[in-house]
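Data file: query_4.cif. Format and content: mmCIF, C-alpha atoms.
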data_structure
loop_
_atom_site.label_atom_id
_atom_site.label_comp_id
_atom_site.auth_asym_id
_atom_site.auth_seq_id
_atom_site.Cartn_x
_atom_site.Cartn_y
_atom_site.Cartn_z
CA MET O 1 47.09 81.14 10.79
CA PHE O 2 48.89 78.96 13.30
CA SER O 3 48.68 75.59 11.57
CA ARG O 4 50.87 72.78 12.79
CA ILE O 5 54.12 72.21 10.94
CA ALA O 6 54.93 68.72 9.70
CA ARG O 7 57.90 67.17 11.48
CA SER O 8 58.85 64.75 8.71
CA SER O 9 61.35 66.96 6.88
CA PRO O 10 64.53 68.42 8.45
CA LEU O 11 64.78 72.11 9.31
CA ARG O 12 66.20 74.21 6.49
CA PRO O 13 68.54 76.90 7.81
CA LEU O 14 67.45 80.47 7.27
CA ARG O 15 70.25 81.17 4.78
CA ALA O 16 68.49 78.77 2.37
CA LEU O 17 65.34 80.87 2.58
CA THR O 18 66.87 84.31 2.00
CA ARG O 19 68.47 84.76 -1.40
CA LEU O 20 67.64 88.26 -2.56
CA PRO O 21 69.95 91.06 -1.36
CA LYS O 22 68.35 93.69 0.87
CA ARG O 23 69.41 96.51 3.12
CA ALA O 24 69.15 96.09 6.88
CA PHE O 25 65.64 96.71 8.20
CA ALA O 26 64.26 96.96 4.67
CA SER O 27 60.92 95.30 4.03
CA GLU O 28 61.03 92.27 1.76
CA ALA O 29 57.65 93.34 0.40
CA ASP O 30 56.92 96.52 -1.52
CA PRO O 31 56.00 99.08 1.17
CA GLY O 32 53.62 100.84 -1.21
CA PRO O 33 50.28 102.43 -0.36
CA GLN O 34 48.36 99.16 -0.39
CA VAL O 35 47.43 97.61 2.94
CA SER O 36 48.17 93.90 3.08
CA PHE O 37 48.33 91.37 5.88
CA GLY O 38 49.84 88.75 3.62
CA LEU O 39 53.44 87.55 3.94
CA SER O 40 55.83 87.02 1.08
CA GLU O 41 56.94 83.49 0.28
CA GLU O 42 60.27 84.22 1.93
CA GLN O 43 58.61 85.57 5.07
CA GLN O 44 56.36 82.51 5.27
CA GLY O 45 59.43 80.31 5.04
CA ILE O 46 61.16 82.26 7.80
CA GLN O 47 58.05 82.05 9.99
CA ASP O 48 57.71 78.31 9.41
CA LEU O 49 61.38 77.73 10.23
CA ALA O 50 61.09 79.63 13.51
CA ARG O 51 57.79 77.93 14.35
CA ARG O 52 59.18 74.46 13.84
CA PHE O 53 62.32 75.30 15.78
CA ALA O 54 60.24 76.51 18.72
CA ARG O 55 57.95 73.47 18.72
CA GLU O 56 60.69 70.91 18.22
CA GLU O 57 63.65 72.36 20.10
CA ILE O 58 62.26 74.74 22.74
CA VAL O 59 58.81 73.62 23.90
CA PRO O 60 59.98 70.15 25.05
CA VAL O 61 62.71 71.61 27.30
CA ALA O 62 61.23 74.96 28.38
CA ALA O 63 59.98 73.72 31.77
CA GLU O 64 63.33 72.07 32.50
CA TYR O 65 65.23 75.30 31.84
CA ASP O 66 62.75 77.24 33.94
CA GLN O 67 63.25 74.93 36.90
CA SER O 68 67.02 74.54 36.61
CA MET O 69 67.58 78.19 35.61
CA ALA O 70 70.49 76.96 33.48
CA TYR O 71 71.57 79.19 30.63
CA PRO O 72 70.20 77.68 27.37
CA TRP O 73 73.50 77.37 25.53
CA PRO O 74 72.50 74.17 23.67
CA ILE O 75 69.40 75.92 22.28
CA LEU O 76 71.33 79.05 21.31
CA LYS O 77 73.92 76.99 19.46
CA LYS O 78 71.18 75.19 17.53
CA ALA O 79 69.50 78.52 16.78
CA HIS O 80 72.79 79.87 15.45
CA GLU O 81 73.20 76.82 13.24
CA ALA O 82 69.66 77.27 11.93
CA GLY O 83 70.35 80.93 11.17
CA LEU O 84 67.90 82.28 13.75
CA LEU O 85 70.37 84.59 15.52
CA ASN O 86 71.81 87.93 14.37
CA LEU O 87 68.90 88.38 11.99
CA HIS O 88 69.32 92.08 11.34
CA VAL O 89 73.08 92.00 10.86
CA PRO O 90 73.54 93.30 7.29
CA GLU O 91 74.70 90.94 4.59
CA LYS O 92 77.89 92.98 4.22
CA TYR O 93 78.98 91.66 7.62
CA GLY O 94 77.80 88.10 7.08
CA GLY O 95 74.23 88.31 8.38
CA PRO O 96 70.92 87.84 6.55
CA GLY O 97 70.01 91.55 6.81
CA LEU O 98 66.33 90.84 7.43
CA GLY O 99 63.72 93.55 7.66
CA LEU O 100 62.13 94.28 11.00
CA LEU O 101 58.86 92.56 10.14
CA SER O 102 60.67 89.32 9.32
CA CYS O 103 62.61 89.61 12.59
CA ALA O 104 59.31 90.10 14.43
CA LEU O 105 57.92 86.90 12.90
CA VAL O 106 60.87 84.97 14.33
CA SER O 107 60.63 86.69 17.71
CA GLU O 108 56.96 85.74 18.12
CA GLU O 109 57.52 82.10 17.27
CA ILE O 110 60.54 81.68 19.56
CA ALA O 111 58.67 83.36 22.42
CA TYR O 112 55.80 80.93 21.91
CA GLY O 113 58.22 78.24 23.00
CA CYS O 114 59.81 80.11 25.91
CA THR O 115 60.19 83.83 26.48
CA GLY O 116 63.22 83.24 28.71
CA ILE O 117 65.07 81.64 25.82
CA GLN O 118 63.71 84.30 23.45
CA THR O 119 65.02 87.04 25.74
CA ALA O 120 68.49 85.50 25.70
CA MET O 121 68.33 85.45 21.90
CA GLU O 122 66.80 88.90 21.49
CA ALA O 123 69.29 90.55 23.85
CA ILE O 124 71.92 89.76 21.25
CA GLY O 125 70.07 91.85 18.70
CA LEU O 126 69.53 94.60 21.26
CA ALA O 127 73.28 95.00 21.80
CA GLU O 128 73.99 94.74 18.08
CA ALA O 129 71.47 97.44 17.16
CA PRO O 130 73.58 100.45 18.29
CA VAL O 131 76.55 99.07 16.36
CA ILE O 132 74.40 98.72 13.24
CA VAL O 133 72.98 102.21 13.73
CA ALA O 134 76.18 104.11 14.51
CA GLY O 135 79.27 101.91 14.36
CA SER O 136 82.20 102.60 12.04
CA GLU O 137 82.91 100.14 9.24
CA GLU O 138 85.80 98.74 11.27
CA LEU O 139 83.61 98.22 14.35
CA LYS O 140 80.86 96.57 12.35
CA MET O 141 83.24 94.23 10.61
CA LYS O 142 84.99 93.32 13.85
CA TYR O 143 82.08 92.95 16.25
CA LEU O 144 79.17 91.99 13.99
CA GLY O 145 81.24 89.70 11.80
CA ARG O 146 82.30 87.51 14.72
CA MET O 147 78.67 87.07 15.80
CA VAL O 148 77.84 85.38 12.52
CA GLU O 149 80.95 83.21 12.46
CA GLU O 150 80.31 81.43 15.74
CA PRO O 151 77.59 81.20 18.41
CA LEU O 152 78.35 84.14 20.69
CA VAL O 153 76.12 86.28 22.88
CA VAL O 154 76.44 89.96 23.76
CA ALA O 155 74.82 92.33 26.23
CA TYR O 156 73.26 95.80 26.28
CA GLY O 157 74.53 97.79 29.25
CA VAL O 158 72.31 100.81 29.88
CA THR O 159 70.12 100.17 32.97
CA GLU O 160 71.62 101.02 36.36
CA PRO O 161 70.54 100.48 39.97
CA GLY O 162 69.15 104.03 40.05
CA ALA O 163 68.33 104.52 36.37
CA GLY O 164 65.91 102.22 34.57
CA SER O 165 63.30 103.93 32.44
CA ASP O 166 65.04 107.22 33.22
CA VAL O 167 67.98 106.62 30.88
CA ALA O 168 69.02 110.25 31.30
CA GLY O 169 69.76 109.50 34.96
CA ILE O 170 72.66 107.08 34.41
CA ARG O 171 75.79 107.69 36.48
CA THR O 172 78.39 105.49 34.81
CA THR O 173 81.15 107.81 33.63
CA ALA O 174 83.50 107.83 30.67
CA ARG O 175 86.67 109.91 31.10
CA LYS O 176 88.92 110.69 28.14
CA GLU O 177 92.60 109.97 28.72
CA GLY O 178 94.73 110.52 25.64
CA ASP O 179 93.47 108.25 22.87
CA LYS O 180 91.51 106.05 25.29
CA TRP O 181 88.43 106.26 27.49
CA VAL O 182 88.15 105.01 31.07
CA LEU O 183 84.76 103.72 32.27
CA ASN O 184 83.60 103.61 35.88
CA GLY O 185 80.16 102.68 37.16
CA THR O 186 77.62 99.93 37.70
CA LYS O 187 74.98 98.52 35.40
CA MET O 188 72.08 96.37 36.60
CA TRP O 189 69.67 93.78 35.17
CA ILE O 190 71.97 93.19 32.22
CA THR O 191 70.75 90.23 30.16
CA ASN O 192 73.43 87.79 28.94
CA ALA O 193 76.04 89.53 31.09
CA GLY O 194 77.48 86.31 32.46
CA HIS O 195 78.14 84.92 29.00
CA ALA O 196 78.71 88.01 26.86
CA ASN O 197 81.55 88.35 24.40
CA TRP O 198 81.18 92.14 24.40
CA PHE O 199 78.94 94.85 25.82
CA PHE O 200 77.29 97.96 24.47
CA VAL O 201 77.77 100.47 27.30
CA LEU O 202 76.19 103.89 27.64
CA ALA O 203 78.12 106.27 29.88
CA ARG O 204 78.08 109.94 30.82
CA SER O 205 81.06 111.56 29.09
CA ASP O 206 80.29 115.25 29.71
CA ALA O 207 78.86 116.11 33.13
CA SER O 208 78.32 119.74 32.11
CA ALA O 209 76.10 118.92 29.13
CA LYS O 210 72.43 118.06 29.17
CA PRO O 211 71.92 114.31 29.73
CA THR O 212 70.69 113.81 26.16
CA GLN O 213 73.88 115.43 24.82
CA GLY O 214 76.45 114.32 27.37
CA MET O 215 76.44 110.54 26.91
CA THR O 216 78.58 108.35 24.72
CA GLY O 217 78.12 104.76 23.58
CA PHE O 218 80.97 102.25 23.61
CA VAL O 219 81.66 98.69 22.51
CA VAL O 220 83.50 97.05 25.39
CA ASP O 221 85.15 93.63 25.18
CA ALA O 222 83.88 91.43 27.99
CA ASP O 223 87.37 90.24 28.87
CA SER O 224 88.58 93.81 29.52
CA GLU O 225 90.40 94.26 32.81
CA GLY O 226 88.21 95.85 35.49
CA ILE O 227 84.86 94.28 34.56
CA HIS O 228 83.28 92.54 37.55
CA LEU O 229 80.18 90.38 37.21
CA GLY O 230 77.61 90.03 39.97
CA LYS O 231 75.63 86.93 40.80
CA LYS O 232 72.92 85.62 38.52
CA GLU O 233 69.72 87.26 39.70
CA ILE O 234 66.79 84.97 40.51
CA ASN O 235 63.77 86.52 38.86
CA MET O 236 60.05 85.77 39.05
CA GLY O 237 59.96 84.56 35.46
CA GLN O 238 62.15 83.99 32.41
CA ARG O 239 64.51 82.22 34.77
CA CYS O 240 66.90 80.71 32.24
CA SER O 241 67.77 84.19 31.04
CA ASP O 242 71.03 85.34 32.60
CA THR O 243 70.59 88.71 34.35
CA ARG O 244 73.36 90.30 36.42
CA MET O 245 74.95 93.40 37.85
CA VAL O 246 78.05 94.48 35.96
CA THR O 247 80.62 96.83 37.51
CA PHE O 248 83.15 98.74 35.42
CA GLU O 249 86.20 99.73 37.43
CA ASN O 250 88.71 101.81 35.45
CA VAL O 251 87.91 99.83 32.31
CA VAL O 252 90.01 101.14 29.42
CA VAL O 253 88.30 101.38 26.02
CA PRO O 254 90.12 102.42 22.84
CA GLU O 255 88.93 105.50 20.95
CA GLU O 256 87.96 103.39 17.94
CA ASN O 257 85.32 101.63 20.05
CA VAL O 258 83.24 104.79 20.39
CA LEU O 259 79.91 104.57 18.56
CA GLY O 260 79.21 107.69 16.54
CA ARG O 261 80.67 110.81 18.10
CA PRO O 262 81.09 111.61 21.80
CA GLY O 263 77.84 112.98 23.15
CA GLU O 264 75.61 111.05 20.73
CA GLY O 265 75.12 108.00 22.94
CA PHE O 266 71.62 108.83 24.16
CA LYS O 267 70.39 109.41 20.63
CA ILE O 268 71.94 106.14 19.46
CA ALA O 269 70.35 104.20 22.33
CA MET O 270 66.93 105.65 21.50
CA LYS O 271 67.31 104.74 17.82
CA ALA O 272 68.11 101.19 18.90
CA PHE O 273 64.82 101.05 20.82
CA ASP O 274 62.92 101.85 17.62
CA ILE O 275 64.34 98.59 16.31
CA THR O 276 64.08 96.42 19.40
CA ARG O 277 60.74 97.50 20.91
CA PRO O 278 58.72 95.95 18.07
CA LEU O 279 60.68 92.73 18.61
CA VAL O 280 60.04 92.66 22.35
CA SER O 281 56.40 93.39 21.54
CA SER O 282 56.28 90.48 19.12
CA ALA O 283 57.65 88.24 21.87
CA ALA O 284 54.77 89.35 24.07
CA VAL O 285 52.42 88.35 21.27
CA GLY O 286 54.08 84.94 21.16
CA LEU O 287 53.34 84.44 24.86
CA SER O 288 49.77 85.66 24.33
CA GLN O 289 49.30 83.17 21.50
CA ARG O 290 50.68 80.31 23.59
CA ALA O 291 48.37 81.18 26.50
CA LEU O 292 45.40 81.32 24.14
CA GLU O 293 46.13 77.96 22.55
CA GLU O 294 46.77 76.22 25.86
CA ALA O 295 43.55 77.62 27.33
CA VAL O 296 41.39 76.72 24.31
CA ARG O 297 42.70 73.16 24.22
CA TYR O 298 42.19 72.67 27.94
CA ALA O 299 38.70 74.17 27.78
CA GLN O 300 37.71 71.58 25.19
CA GLU O 301 39.01 68.69 27.30
CA ARG O 302 37.95 69.74 30.79
CA ARG O 303 34.32 68.93 31.58
CA THR O 304 32.07 70.28 34.31
CA MET O 305 28.34 69.97 34.77
CA GLY O 306 28.11 67.50 31.95
CA LYS O 307 29.86 69.47 29.21
CA ALA O 308 33.21 70.89 28.15
CA ILE O 309 33.91 74.15 29.96
CA ILE O 310 34.33 75.94 26.62
CA GLU O 311 30.57 75.59 26.29
CA HIS O 312 30.04 77.66 29.44
CA GLN O 313 29.64 81.29 28.42
CA ALA O 314 31.76 82.56 31.30
CA VAL O 315 34.74 80.57 30.03
CA ALA O 316 34.01 81.11 26.34
CA PHE O 317 34.01 84.87 26.75
CA MET O 318 37.41 84.78 28.46
CA LEU O 319 38.78 82.86 25.50
CA ALA O 320 37.20 85.33 23.09
CA ASP O 321 38.89 88.21 24.92
CA MET O 322 42.21 86.41 24.70
CA ALA O 323 41.84 85.96 20.95
CA ILE O 324 40.89 89.63 20.47
CA GLN O 325 43.87 90.85 22.47
CA THR O 326 46.33 88.59 20.69
CA GLU O 327 45.22 89.53 17.20
CA ALA O 328 45.02 93.25 17.96
CA ALA O 329 48.51 93.23 19.49
CA ARG O 330 49.96 91.28 16.57
CA ASN O 331 48.53 93.72 14.03
CA LEU O 332 49.99 96.71 15.86
CA VAL O 333 53.36 95.00 16.13
CA TRP O 334 53.32 94.37 12.40
CA LYS O 335 52.47 98.01 11.72
CA SER O 336 55.31 99.24 13.91
CA ALA O 337 57.74 96.91 12.13
CA TRP O 338 56.40 97.75 8.66
CA THR O 339 56.71 101.47 9.40
CA LYS O 340 60.40 101.06 10.21
CA ASP O 341 60.98 98.89 7.14
CA ALA O 342 59.32 101.54 4.98
CA GLY O 343 61.85 104.10 6.18
CA LEU O 344 59.30 106.04 8.23
CA PRO O 345 59.60 107.18 11.87
CA ASN O 346 58.20 104.40 14.04
CA THR O 347 58.79 105.56 17.64
CA PHE O 348 55.07 106.32 18.09
CA TYR O 349 53.91 102.94 16.80
CA ALA O 350 56.73 101.05 18.53
CA SER O 351 55.59 102.45 21.87
CA MET O 352 51.95 101.67 21.10
CA ALA O 353 52.85 98.11 20.15
CA LYS O 354 54.96 97.67 23.28
CA ALA O 355 52.19 98.95 25.58
CA LEU O 356 49.39 96.93 23.98
CA ALA O 357 51.29 93.68 23.46
CA SER O 358 52.69 93.75 26.99
CA ARG O 359 49.22 94.17 28.44
CA ALA O 360 47.88 91.39 26.21
CA ALA O 361 50.60 89.02 27.44
CA VAL O 362 49.86 89.72 31.10
CA GLU O 363 46.08 89.52 30.70
CA ASN O 364 46.16 86.40 28.54
CA ALA O 365 48.47 84.60 30.96
CA ASN O 366 46.17 85.57 33.81
CA LEU O 367 43.06 84.41 31.95
CA ALA O 368 44.76 81.15 30.97
CA VAL O 369 45.39 80.37 34.63
CA GLN O 370 41.75 81.21 35.35
CA VAL O 371 40.54 78.84 32.64
CA PHE O 372 42.73 76.07 34.02
CA GLY O 373 41.46 76.75 37.53
CA GLY O 374 43.46 75.09 40.30
CA ALA O 375 45.46 73.16 37.73
CA GLY O 376 46.75 76.45 36.35
CA PHE O 377 48.37 77.20 39.70
CA ASN O 378 50.45 74.04 39.45
CA THR O 379 53.82 73.64 37.77
CA GLU O 380 52.63 70.49 35.97
CA TYR O 381 50.81 72.74 33.52
CA PRO O 382 52.50 75.35 31.29
CA VAL O 383 50.28 78.34 32.07
CA GLU O 384 51.81 78.85 35.54
CA LYS O 385 55.13 79.58 33.83
CA LEU O 386 53.45 81.84 31.28
CA PHE O 387 51.93 83.83 34.14
CA ARG O 388 55.34 84.39 35.76
CA ASP O 389 57.08 85.07 32.46
CA SER O 390 54.57 87.65 31.28
CA LYS O 391 55.00 90.45 33.80
CA ILE O 392 58.45 91.53 32.66
CA PHE O 393 57.01 92.70 29.34
CA GLU O 394 55.40 95.63 31.16
CA LEU O 395 58.78 96.52 32.70
CA TYR O 396 61.78 96.06 30.43
CA GLU O 397 62.60 98.04 27.27
CA GLY O 398 60.69 100.91 28.86
CA THR O 399 57.78 100.39 31.24
CA SER O 400 54.22 100.64 29.98
CA GLN O 401 54.00 104.03 31.68
CA ILE O 402 57.03 105.26 29.72
CA GLN O 403 55.42 104.03 26.50
CA ARG O 404 52.27 105.99 27.30
CA MET O 405 54.37 109.06 28.03
CA ILE O 406 56.03 108.79 24.60
CA ILE O 407 52.66 108.29 22.92
CA SER O 408 50.96 111.17 24.73
CA ARG O 409 53.80 113.58 23.95
CA THR O 410 53.38 112.82 20.25
CA LEU O 411 49.64 113.47 20.15
CA PRO O 412 49.69 117.34 20.11
CA SER O 413 51.83 117.32 16.95
CA LEU O 414 49.37 114.94 15.31
CA TYR O 415 46.27 116.82 16.37
CA PRO O 416 47.26 120.48 17.01
CA ALA O 417 44.81 122.81 18.67
CA ALA O 418 42.89 125.09 16.35
#

Spell out the structure here as structure tokens.
Amino acid sequence: MFSRIARSSPLRPLRALTRLPKRAFASEADPGPQVSFGLSEEQQGIQDLARRFAREEIVPVAAEYDQSMAYPWPILKKAHEAGLLNLHVPEKYGGPGLGLLSCALVSEEIAYGCTGIQTAMEAIGLAEAPVIVAGSEELKMKYLGRMVEEPLVVAYGVTEPGAGSDVAGIRTTARKEGDKWVLNGTKMWITNAGHANWFFVLARSDASAKPTQGMTGFVVDADSEGIHLGKKEINMGQRCSDTRMVTFENVVVPEENVLGRPGEGFKIAMKAFDITRPLVSSAAVGLSQRALEEAVRYAQERRTMGKAIIEHQAVAFMLADMAIQTEAARNLVWKSAWTKDAGLPNTFYASMAKALASRAAVENANLAVQVFGGAGFNTEYPVEKLFRDSKIFELYEGTSQIQRMIISRTLPSLYPAA
């Protein structure tokens, strides 16, 4: 499945691979009753493009970006030129309008190269998703259109110092004043914040309403007066990703920048997660695949007791477990993406994919270090970085415990008591 891509021919941009019109998040394949693990010719082309880009542009510089913690602007600009950003922006606004499964193929391949760079890329789609889901035509044309025209990044402002998985606990406020809204509050761990052109911001607009009915989503220009950026946070892994605190102090937002209607913000944010969780999950699969490949190659080269360590059952079984976990996670990611593309509710499967793929990434990175032994603890080898990068998958976009809560709450409706 993961054959090497020839480097002799130049990369063809994604726009050359996608010719047929399609609606956003619509599957390129017929989502009929048949079960198929095959990809269409277009999807194979998209996967190959992303795979080559990761191997040729990201893998050679991933360690450098990890050590320097510099924001990967050169890579993002090349990705934009290749058509690998803004994948689910509808064609009407200049994007390719890819289905979720095709987006997941790209996400996995980019993450294979570096999940820090992938997170910087994917955070763009995360912020765009609420606009796609609930934005007016004017908002979509203005804020999605510019993303396609030039290499820009945007940020999703929901998490706060005291409200992570508990989105209902956010304290940022939105106060209506005439035909404008005034935002006050602090967001935390906001990816791309230091370089964003605009933010999606979720704020409490009605303190008397239930949290799920008293929040409103806004598109906020990053150059608005009253936005204060904190320092770049130094994280355990994914260090080239830019993560910061963002404070909104009497930030004025025009009425036309409201997404949907006031009070619908929580619902809009949750709908966005149905889109983005499969993509974060596919990134976890990309890390799992990278850990597996690095470990298998090393196990064939490293010799102890007169033979390659892959011939020792203790090592071979670890590699087998890594392969099982990677393939199982990938299949569940594909199902969650296919379900969305088919127009079916996918929250249940998106949470399952997120929980399983996150665990696979952490376990595979851990096993890869174990296979490498002492060498795996050293920065000269790539698995040390994979180990540090993996943990965040169990934390962001809803912790693994939150995913299990979502899954468990769905089960009674699937299997009601007699």

>> Calculated over only C-alpha atoms, which of the candidates O:Ala123, O:Ala129, O:Cys240, O:Met215 has the smallest distance to Thr191 of chain O?
In response: O:Ala123

> From the list O:Asp341, O:Asp166, O:Glu363, O:Glu108, which residue is nearest Tyr396 of chain O when using all atoms listed in the file?
Replying inline: O:Asp166

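Closest approach to Ala174 of chain O from the set O:Cys103, O:Val253, O:Ala134, O:Ala342 is made by O:Val253, with distances taken over all atoms listed in the file.
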
> Between atom CA of Lys340 of chain O and atom CA of Gly125 of chain O, what is the distance, to one decimal in Å?
Replying inline: 15.8 Å

> Just how far from atom CA of Trp198 of chain O is atom CA of Ala127 of chain O, in Å to one decimal?
Replying inline: 8.8 Å

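When the distance limit is 10 Å and only C-alpha atoms are what count, the residues near segment 407-409 of chain O, minus those fewer than 5 positions from it on the same chain, are Thr347, Phe348, Tyr349, Ala350, Ser351, Met352, Ala355, Gln401, Ile402 and Leu414 of chain O.
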
> Looking at only C-alpha atoms, which of O:Gly135, O:Ala168, O:Ile190, O:Leu292 is the one that sits closest to Phe218 of chain O?
Replying inline: O:Gly135

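This file gives the following result for the PyMOL selection byres ((chain O and resi 278) around 7): Ala104, Ile275, Thr276, Arg277, Leu279, Val280, Ser281, Ser282, Val333, Ser336, Ala337, Ala350, Ala353 and Lys354 of chain O.
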
>> Once the PyMOL selection byres ((chain O and resi 136-142) around 10) has been evaluated on this model, what residues remain selected, and can you format them as a PyMOL selection string?
In response: chain O and resi 89-90+92-94+128+131-135+143-147+219+256-260
